[in-house]
Amino acid sequence: MTTTDMPRKVDSAHGRAVSRKRPGSAAGGGLRRAIPATTLLWVLAALYGLPVLWFVLSSFKPAGDLFSLPLTLFPHDPTVSGYKAAWDSANFSQYFINSTIVCVIATILTVGVSCCTGYALAKYDNKWLKVFFVGILATTMLPGEVMLAPQFLVVRDLGLYNSLAGIILPAVLTATGCFMFRQFFLTVPDELIEAARIDGARELSIFLRIMVPISRPIMLTLAILSFQWRWNDYIWPLLMLNDPEKFTVQIGIQSLVGAQNINWSVVLGGSVISMIPLIVVFLVFQRYVMNADINAGLKD
Amino acid sequence: MTKSASDVSVSPPRRRSKYTLAPLVLIAASVVLFALFFIWPAVIGLVYSFTNYTGVGAFQFVGLDNYSTLFGDSIFFDALTRTLLYTVLFVPLNFVLSLLIANVLVSKHAKGVSVARVFFFIPWLLSPIVVGVLWRWLFGENFGLVNYLIEKVGGSAVPWQSNADLSLIVVVVAASWAWTGFSMLLFIAAIKNVPTSYYEAAALDGAGPWRQFVSITLPSIAPTSFIVILLNTIHGMKEYPLFASLNNGGPGTSNNLLVQYIYQTGFKSGQIGYASAASFVLMLILMAVAIIQLMVNRRVENR
């Protein structure tokens, strides 16, 4: 099964089963069962959607209106002054650039490294590859958080303290990424490789010319996940960076909230700005995320 | 390359140990990263946990002192208990919510599923920092929407921030809300994999929806349930950013969790050796959780 194909296949199986069943049940019965299910669905959806809606709408209220009673859902006279203040106040544009650099570079490296590693683990059969695979799986047991101090010392000793590279490099190797590519390449028939070998292709060119192109759906899925992990990272950048010029967006927002008197107008604006890139990425690539069969121990 | 006779007889075409250079080139980057950022820190972390290292200068080996101090350290124990309590509350709530939502989303009777799915998924996209800010805004004691609504219906303002237990519960709810999208995706994939014929047979035997859920869906998705519980437990045990932005571990220090404790002792007070010992206790707990769950999982699957 390929990661993106499977849910679709199952979907169609489901569809067939449904259509087989439909004629048997009365039309009125369908409506009677649709109402409670749909109501429950939308009550839950409202519970999940309302906090975000309230938050985003509040960010358009002028600072003076934020706490004026009675609270209203929609802003009386919408303004973007909170956004302006956030963007200007705490070097936010710089944070944004830093976060973007980290996300883009880390994502490219993560996809590249995971693709190579996953392919080797799926298609070559050496004892030391198996040992290495177990090692990678073990990293899921040893998340960064439990090794904060030693990992910090290592990165510092490598001379990467207070640099964006110090955030990017430790994040490149992820068990999830390697595992996703391994599972995908396991489904690619070995005959494809054998045929190319008979035609005289070298091992690495088989990988680059045939395998990399066909793994594009996995690349996209992992790229979206990796972008999300890196954009939302907090504790590691917090440890690594002490120069405000290098802060990422999340540290920027947290420093706004950490202040003694929270300026909510600025915090709301900054938070909403920070959500935009991920929401855009998600809406554009929604079908890849939603179809991903991410059963394989997802962690960053 | 040597091949054993048995290897060849099992499945000749899949054996390709003759290639060494190509796989080595392919995994070279991974091996370097693995050695630098996992092996090396793990080794020095273990070594430092037996020292009084402060991050700079010389250090001495102190044997098991760090560990014995840790067991007498009430702040550490408070952080540990609070972390366990948080995880014990968060994991079941997230489990029930995401399973409920996944079931409603695959229901063929519900309308508007594809739009509703986005509502459940967006919270997962938000960073823990933003989720924290958002819930802090909702649950503000004097200005928050929740207290406003409570007062509107005749209640009195609830001390969401100044009562330690209530502020923990707010984080639990916020975390469950934020993580539903992810667990829900796993459940949806699993539920869709259950053969429809099972349900048809059960329906013929007169089993209602609840009976079908308990007797067919739940057992069929057991492996996924274990993955969800395992991932959420690990996630819960290392939560920190959400607390940092929601109530900063407050009121006071009552909701300082383990990772925050490690961060405080290791980086604020420069007790790297001591913090490393605390890290290893956390790691042992995570490993124990994983091993117990694997064992239970195996037993269930063998049944």
# chains A, B, ... in the order shown; residues from 1 in each chain; ligands from 1
>>> interface_residues(of="chain B", to="chain A", cutoff="7 Å", atoms="only C-alpha atoms", output="ChimeraX atom specification")
/B:15-17,22-23,26-27,29-30,33,37,41-42,44-45,104,109-111,116,119-120,125-127,129-130,134,143,177,186,189,192-193,196,238,241,245,259,266,272,276,279-280,282-283,286-287
>>> residues_around(residues="Thr107 of chain A", least_positions_apart="2", cutoff="8 Å", atoms="only C-alpha atoms", output="NGL selection string")
:A and (103-105 or 109-111 or 172 or 223 or 226-227)
>>> atom_distance(atom1="atom CA of Asn255 of chain B", atom2="atom CA of Met237 of chain B")
13.1 Å
>>> closest_residue(among="A:Gly177, A:Pro217, A:Pro244, A:Gly64", to="Phe285 of chain A", atoms="only C-alpha atoms")
A:Pro217
>>> atom_distance(atom1="atom CA of Val88 of chain B", atom2="atom CA of Ile229 of chain B")
10.6 Å
>>> residues_around(residues="Gly63 of chain B", least_positions_apart="6", cutoff="12 Å", atoms="only C-alpha atoms", output="mmCIF file with all heavy atoms, in the first residue's frame")
data_model
loop_
_atom_site.group_PDB
_atom_site.id
_atom_site.type_symbol
_atom_site.label_atom_id
_atom_site.label_comp_id
_atom_site.auth_asym_id
_atom_site.auth_seq_id
_atom_site.Cartn_x
_atom_site.Cartn_y
_atom_site.Cartn_z
ATOM 1 N N LEU B 46 24.245 10.598 30.051
ATOM 2 C CA LEU B 46 24.341 9.571 31.074
ATOM 3 C C LEU B 46 25.566 9.816 31.960
ATOM 4 O O LEU B 46 25.484 9.737 33.193
ATOM 5 C CB LEU B 46 24.423 8.187 30.404
ATOM 6 C CG LEU B 46 24.378 6.986 31.336
ATOM 7 C CD1 LEU B 46 23.090 6.990 32.135
ATOM 8 C CD2 LEU B 46 24.489 5.684 30.551
ATOM 9 N N VAL B 47 26.695 10.175 31.328
ATOM 10 C CA VAL B 47 27.906 10.438 32.102
ATOM 11 C C VAL B 47 27.703 11.640 33.027
ATOM 12 O O VAL B 47 27.977 11.570 34.233
ATOM 13 C CB VAL B 47 29.115 10.679 31.151
ATOM 14 C CG1 VAL B 47 30.319 11.144 31.953
ATOM 15 C CG2 VAL B 47 29.435 9.421 30.371
ATOM 16 N N TYR B 48 27.176 12.736 32.459
ATOM 17 C CA TYR B 48 27.007 13.944 33.266
ATOM 18 C C TYR B 48 26.037 13.745 34.425
ATOM 19 O O TYR B 48 26.112 14.452 35.431
ATOM 20 C CB TYR B 48 26.526 15.118 32.406
ATOM 21 C CG TYR B 48 27.618 15.735 31.562
ATOM 22 C CD1 TYR B 48 27.370 16.139 30.259
ATOM 23 C CD2 TYR B 48 28.902 15.926 32.076
ATOM 24 C CE1 TYR B 48 28.367 16.701 29.473
ATOM 25 C CE2 TYR B 48 29.897 16.483 31.296
ATOM 26 C CZ TYR B 48 29.629 16.866 30.002
ATOM 27 O OH TYR B 48 30.613 17.415 29.240
ATOM 28 N N SER B 49 25.111 12.779 34.272
ATOM 29 C CA SER B 49 24.144 12.592 35.345
ATOM 30 C C SER B 49 24.820 12.059 36.607
ATOM 31 O O SER B 49 24.231 12.076 37.682
ATOM 32 C CB SER B 49 23.015 11.669 34.894
ATOM 33 O OG SER B 49 23.447 10.332 34.828
ATOM 34 N N PHE B 50 26.079 11.601 36.479
ATOM 35 C CA PHE B 50 26.827 11.155 37.653
ATOM 36 C C PHE B 50 27.866 12.193 38.097
ATOM 37 O O PHE B 50 28.780 11.887 38.847
ATOM 38 C CB PHE B 50 27.532 9.822 37.361
ATOM 39 C CG PHE B 50 26.577 8.717 37.021
ATOM 40 C CD1 PHE B 50 26.488 8.233 35.727
ATOM 41 C CD2 PHE B 50 25.750 8.173 37.993
ATOM 42 C CE1 PHE B 50 25.596 7.216 35.412
ATOM 43 C CE2 PHE B 50 24.859 7.164 37.685
ATOM 44 C CZ PHE B 50 24.774 6.688 36.385
ATOM 45 N N THR B 51 27.748 13.415 37.569
ATOM 46 C CA THR B 51 28.726 14.455 37.907
ATOM 47 C C THR B 51 28.017 15.694 38.441
ATOM 48 O O THR B 51 26.787 15.775 38.430
ATOM 49 C CB THR B 51 29.527 14.898 36.673
ATOM 50 O OG1 THR B 51 28.628 15.610 35.802
ATOM 51 C CG2 THR B 51 30.122 13.725 35.930
ATOM 52 N N ASN B 52 28.841 16.659 38.866
ATOM 53 C CA ASN B 52 28.262 17.937 39.289
ATOM 54 C C ASN B 52 28.555 19.018 38.245
ATOM 55 O O ASN B 52 28.769 20.173 38.568
ATOM 56 C CB ASN B 52 28.823 18.356 40.655
ATOM 57 C CG ASN B 52 30.334 18.487 40.622
ATOM 58 O OD1 ASN B 52 30.959 18.342 39.566
ATOM 59 N ND2 ASN B 52 30.928 18.759 41.776
ATOM 60 N N THR B 69 19.656 12.806 45.592
ATOM 61 C CA THR B 69 19.112 14.135 45.874
ATOM 62 C C THR B 69 17.743 14.299 45.230
ATOM 63 O O THR B 69 16.806 14.823 45.829
ATOM 64 C CB THR B 69 20.047 15.241 45.330
ATOM 65 O OG1 THR B 69 21.379 14.905 45.643
ATOM 66 C CG2 THR B 69 19.692 16.588 45.913
ATOM 67 N N GLY B 273 24.493 18.577 35.487
ATOM 68 C CA GLY B 273 24.566 17.205 35.978
ATOM 69 C C GLY B 273 23.243 16.780 36.605
ATOM 70 O O GLY B 273 22.697 15.729 36.278
ATOM 71 N N TYR B 274 22.716 17.653 37.460
ATOM 72 C CA TYR B 274 21.474 17.356 38.155
ATOM 73 C C TYR B 274 20.307 17.258 37.167
ATOM 74 O O TYR B 274 19.488 16.325 37.244
ATOM 75 C CB TYR B 274 21.218 18.449 39.192
ATOM 76 C CG TYR B 274 20.131 18.138 40.172
ATOM 77 C CD1 TYR B 274 20.184 16.994 40.950
ATOM 78 C CD2 TYR B 274 19.051 19.000 40.327
ATOM 79 C CE1 TYR B 274 19.186 16.714 41.849
ATOM 80 C CE2 TYR B 274 18.048 18.736 41.223
ATOM 81 C CZ TYR B 274 18.110 17.582 41.983
ATOM 82 O OH TYR B 274 17.126 17.311 42.869
ATOM 83 N N ALA B 277 20.316 14.017 35.335
ATOM 84 C CA ALA B 277 19.736 12.934 36.125
ATOM 85 C C ALA B 277 18.216 12.967 36.038
ATOM 86 O O ALA B 277 17.562 11.932 35.835
ATOM 87 C CB ALA B 277 20.202 13.032 37.572
#
>>> closest_residue(among="A:Pro237, A:Gly252, A:Gly82, A:Gly200", to="Gly269 of chain A", atoms="only C-alpha atoms")
A:Gly82
>>> atom_distance(atom1="atom CA of Val118 of chain B", atom2="atom CA of Ile191 of chain B")
18.6 Å
>>> closest_residue(among="B:Val106, B:Val170, B:Leu84, B:Ile122", to="Leu53 of chain A", atoms="only C-alpha atoms")
B:Ile122
